[in-house]
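Novice: Here you go, one structure.
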Amino acid sequence: MTTPPRPEPGAPTPPVRPARTASPRTARAINDRIALELLVEHGPLTAGRLKELTGLSRPSVADLLRRLADDGLVRDAGEAGESRRGPNARLYGLVADRAHVAAVDVRTGGVSFALADLAGGAAGGAELSVADGADGADGTEGGDAADRGDDPVERTVTALREALREKGVTTLHTVTVGAPGMIDPATGALGRSTTLPAWHARVPAVIRERLGVPVVLENEVNLAGIAEHRLGAARGRDTFVLLWLGHGVGAAVILDGALRRGASGGTGEVGFLPVPGTAGLPSATVCDGGFHSLAGAAAVCALARGHGLRPPRHTPGDGVRAAEAVVRAAVAGEAGAGAEAFLDALAERIAVGAAAVASVLDPGCVVLGGEVGRAGGRPLAERVAGRLAGMSPLATEVLCGTVEGSPVLGGGLVTALDAARRELFSPR
């Protein structure tokens with residue numbers, strides 16, 4: 001045992017600092033927030049159950065429920081259904097319609113969105129297709145699409161308004177927009193790209209202006225990573241990488257429970273990762289020759305054809321649907337004699353990118369997402385895990401994404417709900 005040094009003779013005695021404790025107001029605010037989060041997680045609860053879950057006294061729970069009811073956040077939700085002597089206990093639930101949020105997924109060929117109430121309950125949504133050439137979809141800055149009424153941005157705002165009107169919602173609290181490309185961490189704006197439609201960059205500003213609502217812009221793969229972290233395969237993990245396998249490839253990096261974006265917003269741009277097995281090297285502007293050329297949708301379709309499989313015919317720019325379909329058919333045993341060899345070869349390619357990610361980040365877990373990753377499911381994930389174990393000395397579990405519906409919209413709603421609850425559940 002080490003004895004602490006004695007002060008020098010004549011040295012001033014250091015002041016004794018009193019222990020810091022939370023003020024009653026701060027303690028009440030913390031307890032209110034905990035109770036509200038429990039109502040989000042469990043749904044309506046009795047005062048007795050809240051007492052058990054929070055550890056508060058019965059009078060404290062009664063005061064808490066009174067405060068939250070006065071703030072319009074909690075209301076009487078009926079009676080508990082359990083059989084017992086005397087009257088049934090009252091249930092208290094979150095006022096879910098106190099606020100609504102939205103998530104918007106912006107893609108080259110269309111826009112989709114979803115609405116949710118404060119409890120996270122689904123409150124509507126829609127999908128809009130975008131014709132080639134509509135308002136800069138060919139890379140130009142606009143044209144006369146707005147005059148023709150087929151401006152995808154205006155159509156998105158109109159559809160959002162109509163969905164809100166159908167639900168009787170007059171305002172939104174927060175909208176999260178997910179889009180391909182890098183988000184500038186200094187400005188929060190979508191970086192310019194020669195490969196994406198020009199109208200993409202206008203979506204957040206127009207929604208913010210027309211609907212008068214805060215808008216959070218995030219890379220769509222990052223939103224999918226958030227969804228898997230909070231709702232899916234990586235729930236309960238604080239470190240993992242989502243490997244997105246779709247039209248292109250990308251990654252969402254979650255380290256120590258936090259999403260990592262990097263100095264320029266480019267963390268996870270693994271499509272540009274130089275890897276063996278391609279015809280060349282990527283450039284600063286084109287990812288051909290990088291990992292994209294091994295595992296992007298076009299490469300997956302070419303690999304399938306090389307093994308005698310026939311991906312469905314598709315329109316230009318929608319090759320990801322063909323790649324998804326051929327992988328799904330191969331996994332189901334409906335693609336022909338070359339299906340097993342095709343899946344083995346695809347797993348080998350994916351493992352090359354996963355090994356590079358693992359060697360730098362050592363995440364311990366890689367989740368396969370995107371249309372191709374989800375179509376491959378557990379059979380593809382198990383194949384990738386086997387190949388990866390032979391390439392890397394770092395133990396890395398490989399899982400398939402499990403979020404139901406659109407992971408991008410799911411992560412967008414989680415992000416928007418976090419913002420709404422952070423404000424509404426805080427003391428005023």
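In the structure tokens, the first chain shown is A, the next is B, and so on; residue numbers restart at 1 for each chain, and ligands run from 1 in the order shown.
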DSSP on the backbone, then: every residue of stretch 59-280 of chain A marked helix (DSSP H, G or I), written as a PyMOL selection string.
Specialist: chain A and resi 59-70+96-98+134-136+145-148+152-166+198-211+220-231+270-272
Novice: Tell me, as a list in words, which residues lie within 6 Å of stretch 112-126 of chain A, counting only C-alpha atoms; anything in the same chain fewer than 4 positions away does not count.
Specialist: Val40, Ala96, Asp97, Ala99, His100, Val101, Ala102, Ala103, Val104 and Asp105 of chain A
Novice: Tell me, in Å to one decimal, how far atom CA of A:Val157 is from atom CA of A:Thr108.
Specialist: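 Taking atom CA of A:Val157 and atom CA of A:Thr108, their separation equals 17.0 Å.
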Novice: Got a sec: who's within 12 Å of A:Gly401, counting only C-alpha atoms, leaving out chain neighbours fewer than 5 positions off, as a PDB file with all heavy atoms, in the first residue's frame?
Specialist:
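Once everything was written out, this is selection-v2.pdb:
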```pdb
ATOM      1  N   ALA A 224     -28.036   3.584 -42.441  1.00  0.00           N
ATOM      2  CA  ALA A 224     -28.245   2.137 -42.364  1.00  0.00           C
ATOM      3  C   ALA A 224     -27.436   1.539 -41.215  1.00  0.00           C
ATOM      4  O   ALA A 224     -27.903   0.625 -40.516  1.00  0.00           O
ATOM      5  CB  ALA A 224     -27.868   1.478 -43.688  1.00  0.00           C
ATOM      6  N   GLY A 225     -26.225   2.050 -41.007  1.00  0.00           N
ATOM      7  CA  GLY A 225     -25.415   1.589 -39.884  1.00  0.00           C
ATOM      8  C   GLY A 225     -26.059   1.913 -38.549  1.00  0.00           C
ATOM      9  O   GLY A 225     -26.056   1.095 -37.617  1.00  0.00           O
ATOM     10  N   ILE A 226     -26.631   3.122 -38.430  1.00  0.00           N
ATOM     11  CA  ILE A 226     -27.332   3.500 -37.202  1.00  0.00           C
ATOM     12  C   ILE A 226     -28.510   2.569 -36.957  1.00  0.00           C
ATOM     13  O   ILE A 226     -28.773   2.143 -35.826  1.00  0.00           O
ATOM     14  CB  ILE A 226     -27.795   4.966 -37.303  1.00  0.00           C
ATOM     15  CG1 ILE A 226     -26.582   5.909 -37.248  1.00  0.00           C
ATOM     16  CG2 ILE A 226     -28.783   5.308 -36.195  1.00  0.00           C
ATOM     17  CD1 ILE A 226     -26.908   7.358 -37.554  1.00  0.00           C
ATOM     18  N   ALA A 227     -29.233   2.235 -38.036  1.00  0.00           N
ATOM     19  CA  ALA A 227     -30.379   1.333 -37.895  1.00  0.00           C
ATOM     20  C   ALA A 227     -29.954  -0.041 -37.390  1.00  0.00           C
ATOM     21  O   ALA A 227     -30.580  -0.610 -36.486  1.00  0.00           O
ATOM     22  CB  ALA A 227     -31.114   1.206 -39.226  1.00  0.00           C
ATOM     23  N   GLU A 228     -28.891  -0.609 -37.956  1.00  0.00           N
ATOM     24  CA  GLU A 228     -28.428  -1.924 -37.499  1.00  0.00           C
ATOM     25  C   GLU A 228     -27.914  -1.857 -36.064  1.00  0.00           C
ATOM     26  O   GLU A 228     -28.042  -2.827 -35.304  1.00  0.00           O
ATOM     27  CB  GLU A 228     -27.343  -2.467 -38.430  1.00  0.00           C
ATOM     28  CG  GLU A 228     -27.823  -2.817 -39.837  1.00  0.00           C
ATOM     29  CD  GLU A 228     -28.819  -3.977 -39.872  1.00  0.00           C
ATOM     30  OE1 GLU A 228     -28.956  -4.690 -38.854  1.00  0.00           O
ATOM     31  OE2 GLU A 228     -29.461  -4.174 -40.922  1.00  0.00           O
ATOM     32  N   HIS A 229     -27.347  -0.707 -35.678  1.00  0.00           N
ATOM     33  CA  HIS A 229     -26.825  -0.533 -34.324  1.00  0.00           C
ATOM     34  C   HIS A 229     -27.959  -0.480 -33.304  1.00  0.00           C
ATOM     35  O   HIS A 229     -27.883  -1.081 -32.230  1.00  0.00           O
ATOM     36  CB  HIS A 229     -25.999   0.748 -34.266  1.00  0.00           C
ATOM     37  CG  HIS A 229     -25.313   0.970 -32.958  1.00  0.00           C
ATOM     38  ND1 HIS A 229     -25.140   2.216 -32.403  1.00  0.00           N
ATOM     39  CD2 HIS A 229     -24.751   0.097 -32.078  1.00  0.00           C
ATOM     40  CE1 HIS A 229     -24.507   2.102 -31.260  1.00  0.00           C
ATOM     41  NE2 HIS A 229     -24.260   0.826 -31.039  1.00  0.00           N
ATOM     42  N   ARG A 230     -29.016   0.233 -33.633  1.00  0.00           N
ATOM     43  CA  ARG A 230     -30.086   0.466 -32.666  1.00  0.00           C
ATOM     44  C   ARG A 230     -31.239  -0.534 -32.779  1.00  0.00           C
ATOM     45  O   ARG A 230     -31.924  -0.799 -31.786  1.00  0.00           O
ATOM     46  CB  ARG A 230     -30.630   1.882 -32.871  1.00  0.00           C
ATOM     47  CG  ARG A 230     -29.605   2.988 -32.621  1.00  0.00           C
ATOM     48  CD  ARG A 230     -29.419   3.275 -31.157  1.00  0.00           C
ATOM     49  NE  ARG A 230     -30.620   3.909 -30.651  1.00  0.00           N
ATOM     50  CZ  ARG A 230     -30.843   5.227 -30.728  1.00  0.00           C
ATOM     51  NH1 ARG A 230     -29.946   6.034 -31.285  1.00  0.00           N
ATOM     52  NH2 ARG A 230     -31.951   5.733 -30.238  1.00  0.00           N
ATOM     53  N   LEU A 231     -31.430  -1.082 -33.977  1.00  0.00           N
ATOM     54  CA  LEU A 231     -32.620  -1.902 -34.207  1.00  0.00           C
ATOM     55  C   LEU A 231     -32.323  -3.299 -34.735  1.00  0.00           C
ATOM     56  O   LEU A 231     -33.225  -4.139 -34.755  1.00  0.00           O
ATOM     57  CB  LEU A 231     -33.548  -1.199 -35.222  1.00  0.00           C
ATOM     58  CG  LEU A 231     -33.919   0.253 -34.951  1.00  0.00           C
ATOM     59  CD1 LEU A 231     -34.639   0.845 -36.163  1.00  0.00           C
ATOM     60  CD2 LEU A 231     -34.785   0.363 -33.706  1.00  0.00           C
ATOM     61  N   GLY A 232     -31.100  -3.550 -35.210  1.00  0.00           N
ATOM     62  CA  GLY A 232     -30.863  -4.765 -35.974  1.00  0.00           C
ATOM     63  C   GLY A 232     -29.764  -5.662 -35.458  1.00  0.00           C
ATOM     64  O   GLY A 232     -29.597  -5.889 -34.259  1.00  0.00           O
ATOM     65  N   ALA A 233     -28.949  -6.157 -36.392  1.00  0.00           N
ATOM     66  CA  ALA A 233     -27.974  -7.206 -36.104  1.00  0.00           C
ATOM     67  C   ALA A 233     -26.913  -6.794 -35.103  1.00  0.00           C
ATOM     68  O   ALA A 233     -26.381  -7.633 -34.384  1.00  0.00           O
ATOM     69  CB  ALA A 233     -27.307  -7.644 -37.414  1.00  0.00           C
ATOM     70  N   ALA A 234     -26.575  -5.493 -35.046  1.00  0.00           N
ATOM     71  CA  ALA A 234     -25.505  -5.026 -34.159  1.00  0.00           C
ATOM     72  C   ALA A 234     -26.035  -4.412 -32.875  1.00  0.00           C
ATOM     73  O   ALA A 234     -25.301  -3.738 -32.160  1.00  0.00           O
ATOM     74  CB  ALA A 234     -24.628  -4.011 -34.891  1.00  0.00           C
ATOM     75  N   ARG A 235     -27.311  -4.634 -32.586  1.00  0.00           N
ATOM     76  CA  ARG A 235     -27.877  -4.091 -31.358  1.00  0.00           C
ATOM     77  C   ARG A 235     -27.142  -4.653 -30.146  1.00  0.00           C
ATOM     78  O   ARG A 235     -26.924  -5.856 -30.038  1.00  0.00           O
ATOM     79  CB  ARG A 235     -29.364  -4.449 -31.270  1.00  0.00           C
ATOM     80  CG  ARG A 235     -30.102  -3.724 -30.163  1.00  0.00           C
ATOM     81  CD  ARG A 235     -31.601  -3.947 -30.280  1.00  0.00           C
ATOM     82  NE  ARG A 235     -32.330  -3.187 -29.294  1.00  0.00           N
ATOM     83  CZ  ARG A 235     -33.648  -3.143 -29.212  1.00  0.00           C
ATOM     84  NH1 ARG A 235     -34.380  -3.828 -30.090  1.00  0.00           N
ATOM     85  NH2 ARG A 235     -34.251  -2.426 -28.293  1.00  0.00           N
ATOM     86  N   VAL A 241     -18.619  -2.603 -38.073  1.00  0.00           N
ATOM     87  CA  VAL A 241     -18.648  -1.928 -39.375  1.00  0.00           C
ATOM     88  C   VAL A 241     -19.767  -2.535 -40.209  1.00  0.00           C
ATOM     89  O   VAL A 241     -19.870  -3.761 -40.314  1.00  0.00           O
ATOM     90  CB  VAL A 241     -17.300  -2.075 -40.112  1.00  0.00           C
ATOM     91  CG1 VAL A 241     -17.429  -1.591 -41.562  1.00  0.00           C
ATOM     92  CG2 VAL A 241     -16.210  -1.282 -39.398  1.00  0.00           C
ATOM     93  N   LEU A 242     -20.625  -1.677 -40.742  1.00  0.00           N
ATOM     94  CA  LEU A 242     -21.613  -2.122 -41.719  1.00  0.00           C
ATOM     95  C   LEU A 242     -20.989  -2.013 -43.098  1.00  0.00           C
ATOM     96  O   LEU A 242     -20.553  -0.931 -43.504  1.00  0.00           O
ATOM     97  CB  LEU A 242     -22.874  -1.257 -41.658  1.00  0.00           C
ATOM     98  CG  LEU A 242     -23.866  -1.518 -42.805  1.00  0.00           C
ATOM     99  CD1 LEU A 242     -24.647  -2.791 -42.542  1.00  0.00           C
ATOM    100  CD2 LEU A 242     -24.812  -0.350 -43.007  1.00  0.00           C
ATOM    101  N   LEU A 243     -20.926  -3.114 -43.825  1.00  0.00           N
ATOM    102  CA  LEU A 243     -20.411  -3.125 -45.184  1.00  0.00           C
ATOM    103  C   LEU A 243     -21.608  -3.124 -46.130  1.00  0.00           C
ATOM    104  O   LEU A 243     -22.356  -4.094 -46.216  1.00  0.00           O
ATOM    105  CB  LEU A 243     -19.536  -4.350 -45.417  1.00  0.00           C
ATOM    106  CG  LEU A 243     -18.633  -4.351 -46.658  1.00  0.00           C
ATOM    107  CD1 LEU A 243     -17.697  -3.155 -46.643  1.00  0.00           C
ATOM    108  CD2 LEU A 243     -17.835  -5.641 -46.725  1.00  0.00           C
ATOM    109  N   TRP A 244     -21.799  -1.988 -46.824  1.00  0.00           N
ATOM    110  CA  TRP A 244     -22.961  -1.815 -47.700  1.00  0.00           C
ATOM    111  C   TRP A 244     -22.624  -2.348 -49.091  1.00  0.00           C
ATOM    112  O   TRP A 244     -21.668  -1.910 -49.726  1.00  0.00           O
ATOM    113  CB  TRP A 244     -23.318  -0.342 -47.778  1.00  0.00           C
ATOM    114  CG  TRP A 244     -24.498  -0.041 -48.651  1.00  0.00           C
ATOM    115  CD1 TRP A 244     -24.497   0.207 -49.986  1.00  0.00           C
ATOM    116  CD2 TRP A 244     -25.863   0.061 -48.240  1.00  0.00           C
ATOM    117  NE1 TRP A 244     -25.765   0.457 -50.437  1.00  0.00           N
ATOM    118  CE2 TRP A 244     -26.634   0.370 -49.379  1.00  0.00           C
ATOM    119  CE3 TRP A 244     -26.511  -0.073 -47.016  1.00  0.00           C
ATOM    120  CZ2 TRP A 244     -28.015   0.545 -49.333  1.00  0.00           C
ATOM    121  CZ3 TRP A 244     -27.882   0.092 -46.962  1.00  0.00           C
ATOM    122  CH2 TRP A 244     -28.614   0.403 -48.121  1.00  0.00           C
ATOM    123  N   LEU A 245     -23.437  -3.300 -49.567  1.00  0.00           N
ATOM    124  CA  LEU A 245     -23.241  -3.915 -50.875  1.00  0.00           C
ATOM    125  C   LEU A 245     -24.496  -3.661 -51.686  1.00  0.00           C
ATOM    126  O   LEU A 245     -25.506  -4.347 -51.518  1.00  0.00           O
ATOM    127  CB  LEU A 245     -22.985  -5.416 -50.721  1.00  0.00           C
ATOM    128  CG  LEU A 245     -21.831  -5.798 -49.784  1.00  0.00           C
ATOM    129  CD1 LEU A 245     -21.879  -7.281 -49.459  1.00  0.00           C
ATOM    130  CD2 LEU A 245     -20.499  -5.408 -50.382  1.00  0.00           C
ATOM    131  N   CYS A 365     -16.610  -7.142 -35.659  1.00  0.00           N
ATOM    132  CA  CYS A 365     -17.871  -7.541 -36.276  1.00  0.00           C
ATOM    133  C   CYS A 365     -18.076  -6.751 -37.557  1.00  0.00           C
ATOM    134  O   CYS A 365     -17.896  -5.528 -37.579  1.00  0.00           O
ATOM    135  CB  CYS A 365     -19.042  -7.303 -35.326  1.00  0.00           C
ATOM    136  SG  CYS A 365     -20.669  -7.659 -36.039  1.00  0.00           S
ATOM    137  N   VAL A 366     -18.462  -7.436 -38.617  1.00  0.00           N
ATOM    138  CA  VAL A 366     -18.845  -6.807 -39.879  1.00  0.00           C
ATOM    139  C   VAL A 366     -20.257  -7.263 -40.208  1.00  0.00           C
ATOM    140  O   VAL A 366     -20.547  -8.463 -40.179  1.00  0.00           O
ATOM    141  CB  VAL A 366     -17.879  -7.194 -41.020  1.00  0.00           C
ATOM    142  CG1 VAL A 366     -18.420  -6.727 -42.369  1.00  0.00           C
ATOM    143  CG2 VAL A 366     -16.496  -6.603 -40.773  1.00  0.00           C
ATOM    144  N   VAL A 367     -21.128  -6.317 -40.490  1.00  0.00           N
ATOM    145  CA  VAL A 367     -22.511  -6.611 -40.870  1.00  0.00           C
ATOM    146  C   VAL A 367     -22.658  -6.357 -42.360  1.00  0.00           C
ATOM    147  O   VAL A 367     -22.321  -5.274 -42.848  1.00  0.00           O
ATOM    148  CB  VAL A 367     -23.509  -5.733 -40.081  1.00  0.00           C
ATOM    149  CG1 VAL A 367     -24.941  -6.009 -40.550  1.00  0.00           C
ATOM    150  CG2 VAL A 367     -23.372  -5.974 -38.589  1.00  0.00           C
ATOM    151  N   LEU A 368     -23.151  -7.340 -43.087  1.00  0.00           N
ATOM    152  CA  LEU A 368     -23.370  -7.189 -44.521  1.00  0.00           C
ATOM    153  C   LEU A 368     -24.750  -6.577 -44.755  1.00  0.00           C
ATOM    154  O   LEU A 368     -25.770  -7.161 -44.386  1.00  0.00           O
ATOM    155  CB  LEU A 368     -23.272  -8.540 -45.234  1.00  0.00           C
ATOM    156  CG  LEU A 368     -21.966  -9.318 -45.041  1.00  0.00           C
ATOM    157  CD1 LEU A 368     -21.972 -10.572 -45.917  1.00  0.00           C
ATOM    158  CD2 LEU A 368     -20.751  -8.456 -45.355  1.00  0.00           C
ATOM    159  N   GLY A 369     -24.763  -5.394 -45.359  1.00  0.00           N
ATOM    160  CA  GLY A 369     -26.009  -4.706 -45.628  1.00  0.00           C
ATOM    161  C   GLY A 369     -26.133  -4.375 -47.097  1.00  0.00           C
ATOM    162  O   GLY A 369     -25.431  -4.923 -47.947  1.00  0.00           O
ATOM    163  N   GLY A 370     -27.013  -3.438 -47.423  1.00  0.00           N
ATOM    164  CA  GLY A 370     -27.282  -3.121 -48.814  1.00  0.00           C
ATOM    165  C   GLY A 370     -28.123  -4.214 -49.449  1.00  0.00           C
ATOM    166  O   GLY A 370     -28.362  -5.281 -48.870  1.00  0.00           O
ATOM    167  N   GLU A 371     -28.578  -3.969 -50.670  1.00  0.00           N
ATOM    168  CA  GLU A 371     -29.469  -4.913 -51.330  1.00  0.00           C
ATOM    169  C   GLU A 371     -28.834  -6.291 -51.522  1.00  0.00           C
ATOM    170  O   GLU A 371     -29.483  -7.316 -51.303  1.00  0.00           O
ATOM    171  CB  GLU A 371     -29.918  -4.356 -52.686  1.00  0.00           C
ATOM    172  CG  GLU A 371     -30.798  -3.127 -52.596  1.00  0.00           C
ATOM    173  CD  GLU A 371     -30.034  -1.821 -52.520  1.00  0.00           C
ATOM    174  OE1 GLU A 371     -28.784  -1.872 -52.355  1.00  0.00           O
ATOM    175  OE2 GLU A 371     -30.668  -0.753 -52.625  1.00  0.00           O
ATOM    176  N   VAL A 372     -27.551  -6.312 -51.907  1.00  0.00           N
ATOM    177  CA  VAL A 372     -26.875  -7.594 -52.145  1.00  0.00           C
ATOM    178  C   VAL A 372     -26.588  -8.312 -50.836  1.00  0.00           C
ATOM    179  O   VAL A 372     -26.791  -9.526 -50.707  1.00  0.00           O
ATOM    180  CB  VAL A 372     -25.591  -7.376 -52.965  1.00  0.00           C
ATOM    181  CG1 VAL A 372     -24.757  -8.658 -53.021  1.00  0.00           C
ATOM    182  CG2 VAL A 372     -25.935  -6.905 -54.378  1.00  0.00           C
ATOM    183  N   GLY A 373     -26.101  -7.579 -49.837  1.00  0.00           N
ATOM    184  CA  GLY A 373     -25.793  -8.193 -48.548  1.00  0.00           C
ATOM    185  C   GLY A 373     -27.023  -8.783 -47.892  1.00  0.00           C
ATOM    186  O   GLY A 373     -26.988  -9.898 -47.344  1.00  0.00           O
ATOM    187  N   ARG A 374     -28.133  -8.055 -47.966  1.00  0.00           N
ATOM    188  CA  ARG A 374     -29.369  -8.555 -47.366  1.00  0.00           C
ATOM    189  C   ARG A 374     -29.932  -9.734 -48.145  1.00  0.00           C
ATOM    190  O   ARG A 374     -30.492 -10.666 -47.569  1.00  0.00           O
ATOM    191  CB  ARG A 374     -30.392  -7.422 -47.279  1.00  0.00           C
ATOM    192  CG  ARG A 374     -30.052  -6.400 -46.211  1.00  0.00           C
ATOM    193  CD  ARG A 374     -30.746  -5.063 -46.459  1.00  0.00           C
ATOM    194  NE  ARG A 374     -32.184  -5.146 -46.370  1.00  0.00           N
ATOM    195  CZ  ARG A 374     -32.898  -4.961 -45.267  1.00  0.00           C
ATOM    196  NH1 ARG A 374     -32.265  -4.710 -44.126  1.00  0.00           N
ATOM    197  NH2 ARG A 374     -34.215  -5.016 -45.274  1.00  0.00           N
ATOM    198  N   ALA A 375     -29.794  -9.699 -49.475  1.00  0.00           N
ATOM    199  CA  ALA A 375     -30.267 -10.824 -50.291  1.00  0.00           C
ATOM    200  C   ALA A 375     -29.471 -12.089 -49.984  1.00  0.00           C
ATOM    201  O   ALA A 375     -30.015 -13.200 -49.981  1.00  0.00           O
ATOM    202  CB  ALA A 375     -30.161 -10.481 -51.772  1.00  0.00           C
ATOM    203  N   GLY A 376     -28.169 -11.943 -49.735  1.00  0.00           N
ATOM    204  CA  GLY A 376     -27.338 -13.106 -49.427  1.00  0.00           C
ATOM    205  C   GLY A 376     -27.639 -13.703 -48.068  1.00  0.00           C
ATOM    206  O   GLY A 376     -27.463 -14.911 -47.862  1.00  0.00           O
ATOM    207  N   GLY A 377     -28.080 -12.851 -47.134  1.00  0.00           N
ATOM    208  CA  GLY A 377     -28.476 -13.330 -45.816  1.00  0.00           C
ATOM    209  C   GLY A 377     -27.381 -14.105 -45.101  1.00  0.00           C
ATOM    210  O   GLY A 377     -26.181 -13.921 -45.332  1.00  0.00           O
ATOM    211  N   ARG A 378     -27.819 -15.007 -44.230  1.00  0.00           N
ATOM    212  CA  ARG A 378     -26.867 -15.776 -43.432  1.00  0.00           C
ATOM    213  C   ARG A 378     -25.969 -16.679 -44.281  1.00  0.00           C
ATOM    214  O   ARG A 378     -24.767 -16.802 -43.984  1.00  0.00           O
ATOM    215  CB  ARG A 378     -27.620 -16.600 -42.387  1.00  0.00           C
ATOM    216  CG  ARG A 378     -26.695 -17.380 -41.455  1.00  0.00           C
ATOM    217  CD  ARG A 378     -27.476 -18.113 -40.405  1.00  0.00           C
ATOM    218  NE  ARG A 378     -28.199 -17.203 -39.536  1.00  0.00           N
ATOM    219  CZ  ARG A 378     -29.010 -17.604 -38.550  1.00  0.00           C
ATOM    220  NH1 ARG A 378     -29.202 -18.903 -38.339  1.00  0.00           N
ATOM    221  NH2 ARG A 378     -29.615 -16.713 -37.794  1.00  0.00           N
ATOM    222  N   LEU A 380     -24.609 -16.218 -47.212  1.00  0.00           N
ATOM    223  CA  LEU A 380     -23.488 -15.440 -47.736  1.00  0.00           C
ATOM    224  C   LEU A 380     -22.588 -14.974 -46.604  1.00  0.00           C
ATOM    225  O   LEU A 380     -21.351 -15.019 -46.716  1.00  0.00           O
ATOM    226  CB  LEU A 380     -24.012 -14.237 -48.532  1.00  0.00           C
ATOM    227  CG  LEU A 380     -22.946 -13.334 -49.145  1.00  0.00           C
ATOM    228  CD1 LEU A 380     -22.071 -14.109 -50.127  1.00  0.00           C
ATOM    229  CD2 LEU A 380     -23.590 -12.134 -49.847  1.00  0.00           C
ATOM    230  N   ALA A 381     -23.178 -14.531 -45.484  1.00  0.00           N
ATOM    231  CA  ALA A 381     -22.372 -14.063 -44.351  1.00  0.00           C
ATOM    232  C   ALA A 381     -21.468 -15.175 -43.827  1.00  0.00           C
ATOM    233  O   ALA A 381     -20.296 -14.937 -43.484  1.00  0.00           O
ATOM    234  CB  ALA A 381     -23.290 -13.552 -43.242  1.00  0.00           C
ATOM    235  N   SER A 406     -36.772  -0.559 -44.927  1.00  0.00           N
ATOM    236  CA  SER A 406     -35.613   0.187 -45.393  1.00  0.00           C
ATOM    237  C   SER A 406     -34.709   0.567 -44.233  1.00  0.00           C
ATOM    238  O   SER A 406     -35.121   1.310 -43.343  1.00  0.00           O
ATOM    239  CB  SER A 406     -36.076   1.466 -46.108  1.00  0.00           C
ATOM    240  OG  SER A 406     -34.995   2.375 -46.259  1.00  0.00           O
ATOM    241  N   PRO A 407     -33.451   0.083 -44.206  1.00  0.00           N
ATOM    242  CA  PRO A 407     -32.541   0.475 -43.135  1.00  0.00           C
ATOM    243  C   PRO A 407     -32.214   1.966 -43.164  1.00  0.00           C
ATOM    244  O   PRO A 407     -31.970   2.567 -42.115  1.00  0.00           O
ATOM    245  CB  PRO A 407     -31.278  -0.363 -43.397  1.00  0.00           C
ATOM    246  CG  PRO A 407     -31.633  -1.354 -44.419  1.00  0.00           C
ATOM    247  CD  PRO A 407     -32.835  -0.884 -45.137  1.00  0.00           C
ATOM    248  N   VAL A 408     -32.204   2.556 -44.361  1.00  0.00           N
ATOM    249  CA  VAL A 408     -31.905   3.990 -44.454  1.00  0.00           C
ATOM    250  C   VAL A 408     -33.016   4.792 -43.793  1.00  0.00           C
ATOM    251  O   VAL A 408     -32.759   5.702 -42.987  1.00  0.00           O
ATOM    252  CB  VAL A 408     -31.727   4.410 -45.925  1.00  0.00           C
ATOM    253  CG1 VAL A 408     -31.502   5.918 -46.032  1.00  0.00           C
ATOM    254  CG2 VAL A 408     -30.554   3.660 -46.555  1.00  0.00           C
TER     255      VAL A 408
END
```
Novice: Can you pull out every residue within 9 Å of A:Pro363, counting only C-alpha atoms, but drop anything in the same chain fewer than 5 positions away, and send it as number ranges by chain?
Specialist: A: 239-241, 253-255, 357-358, 396
Novice: What's the 12 Å shell around stretch 22-30 of chain A, counting only C-alpha atoms, without same-chain residues fewer than 6 positions away, as a list in words?
Specialist: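 Listing them by chain and then by number gives Leu36, Glu37, Thr54, Leu56, Ser60, Val61, Asp63, Leu64, Leu65, Arg67, Leu68, Leu424, Phe425, Ser426, Pro427 and Arg428 of chain A.
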Novice: Now that the selection is made, can you save its residues with N, CA and C atoms as a compact mmCIF listing (two decimals), in the first residue's frame?
Specialist:
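And here is the file that came out, part-v9.txt:
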```
# COMPACT_ATOMS: atom_id res chain seq x y z
N LEU A 36 -39.65 8.80 -19.16
CA LEU A 36 -40.12 8.93 -20.53
C LEU A 36 -39.46 7.91 -21.44
N GLU A 37 -38.17 7.67 -21.25
CA GLU A 37 -37.49 6.66 -22.06
C GLU A 37 -38.04 5.27 -21.77
N THR A 54 -37.62 2.41 -11.97
CA THR A 54 -36.81 3.60 -11.68
C THR A 54 -36.16 3.55 -10.30
N LEU A 56 -37.60 4.70 -7.71
CA LEU A 56 -38.11 5.87 -6.98
C LEU A 56 -39.19 5.44 -6.00
N SER A 60 -42.69 9.96 -5.20
CA SER A 60 -41.88 10.57 -6.26
C SER A 60 -42.42 10.22 -7.64
N VAL A 61 -42.87 8.97 -7.81
CA VAL A 61 -43.45 8.56 -9.09
C VAL A 61 -44.74 9.33 -9.35
N ASP A 63 -45.53 12.34 -8.24
CA ASP A 63 -45.16 13.71 -8.61
C ASP A 63 -44.64 13.76 -10.04
N LEU A 64 -43.84 12.77 -10.40
CA LEU A 64 -43.27 12.71 -11.74
C LEU A 64 -44.37 12.62 -12.79
N LEU A 65 -45.32 11.73 -12.58
CA LEU A 65 -46.40 11.57 -13.55
C LEU A 65 -47.26 12.83 -13.65
N ARG A 67 -46.17 15.93 -13.20
CA ARG A 67 -45.38 16.92 -13.96
C ARG A 67 -45.45 16.63 -15.45
N LEU A 68 -45.25 15.37 -15.80
CA LEU A 68 -45.22 15.01 -17.21
C LEU A 68 -46.60 15.18 -17.86
N LEU A 424 -37.70 17.58 -26.31
CA LEU A 424 -38.96 17.52 -25.57
C LEU A 424 -38.83 16.86 -24.20
N PHE A 425 -37.87 15.95 -24.06
CA PHE A 425 -37.70 15.26 -22.79
C PHE A 425 -36.78 16.01 -21.84
N SER A 426 -36.25 17.16 -22.25
CA SER A 426 -35.35 17.95 -21.40
C SER A 426 -36.16 18.97 -20.62
N PRO A 427 -35.67 19.37 -19.44
CA PRO A 427 -36.40 20.33 -18.61
C PRO A 427 -36.47 21.69 -19.28
N ARG A 428 -37.58 22.37 -19.08
CA ARG A 428 -37.75 23.70 -19.63
C ARG A 428 -37.89 24.70 -18.51
```
Novice: Tell me which protein, DNA and RNA residues are within 12 Å of stretch 278-282 of chain A, counting only C-alpha atoms, leaving out same-chain ones fewer than 2 positions away, and put them as a VMD selection string.
Specialist: chain A and resid 269 to 276 284 to 295 299 349 352
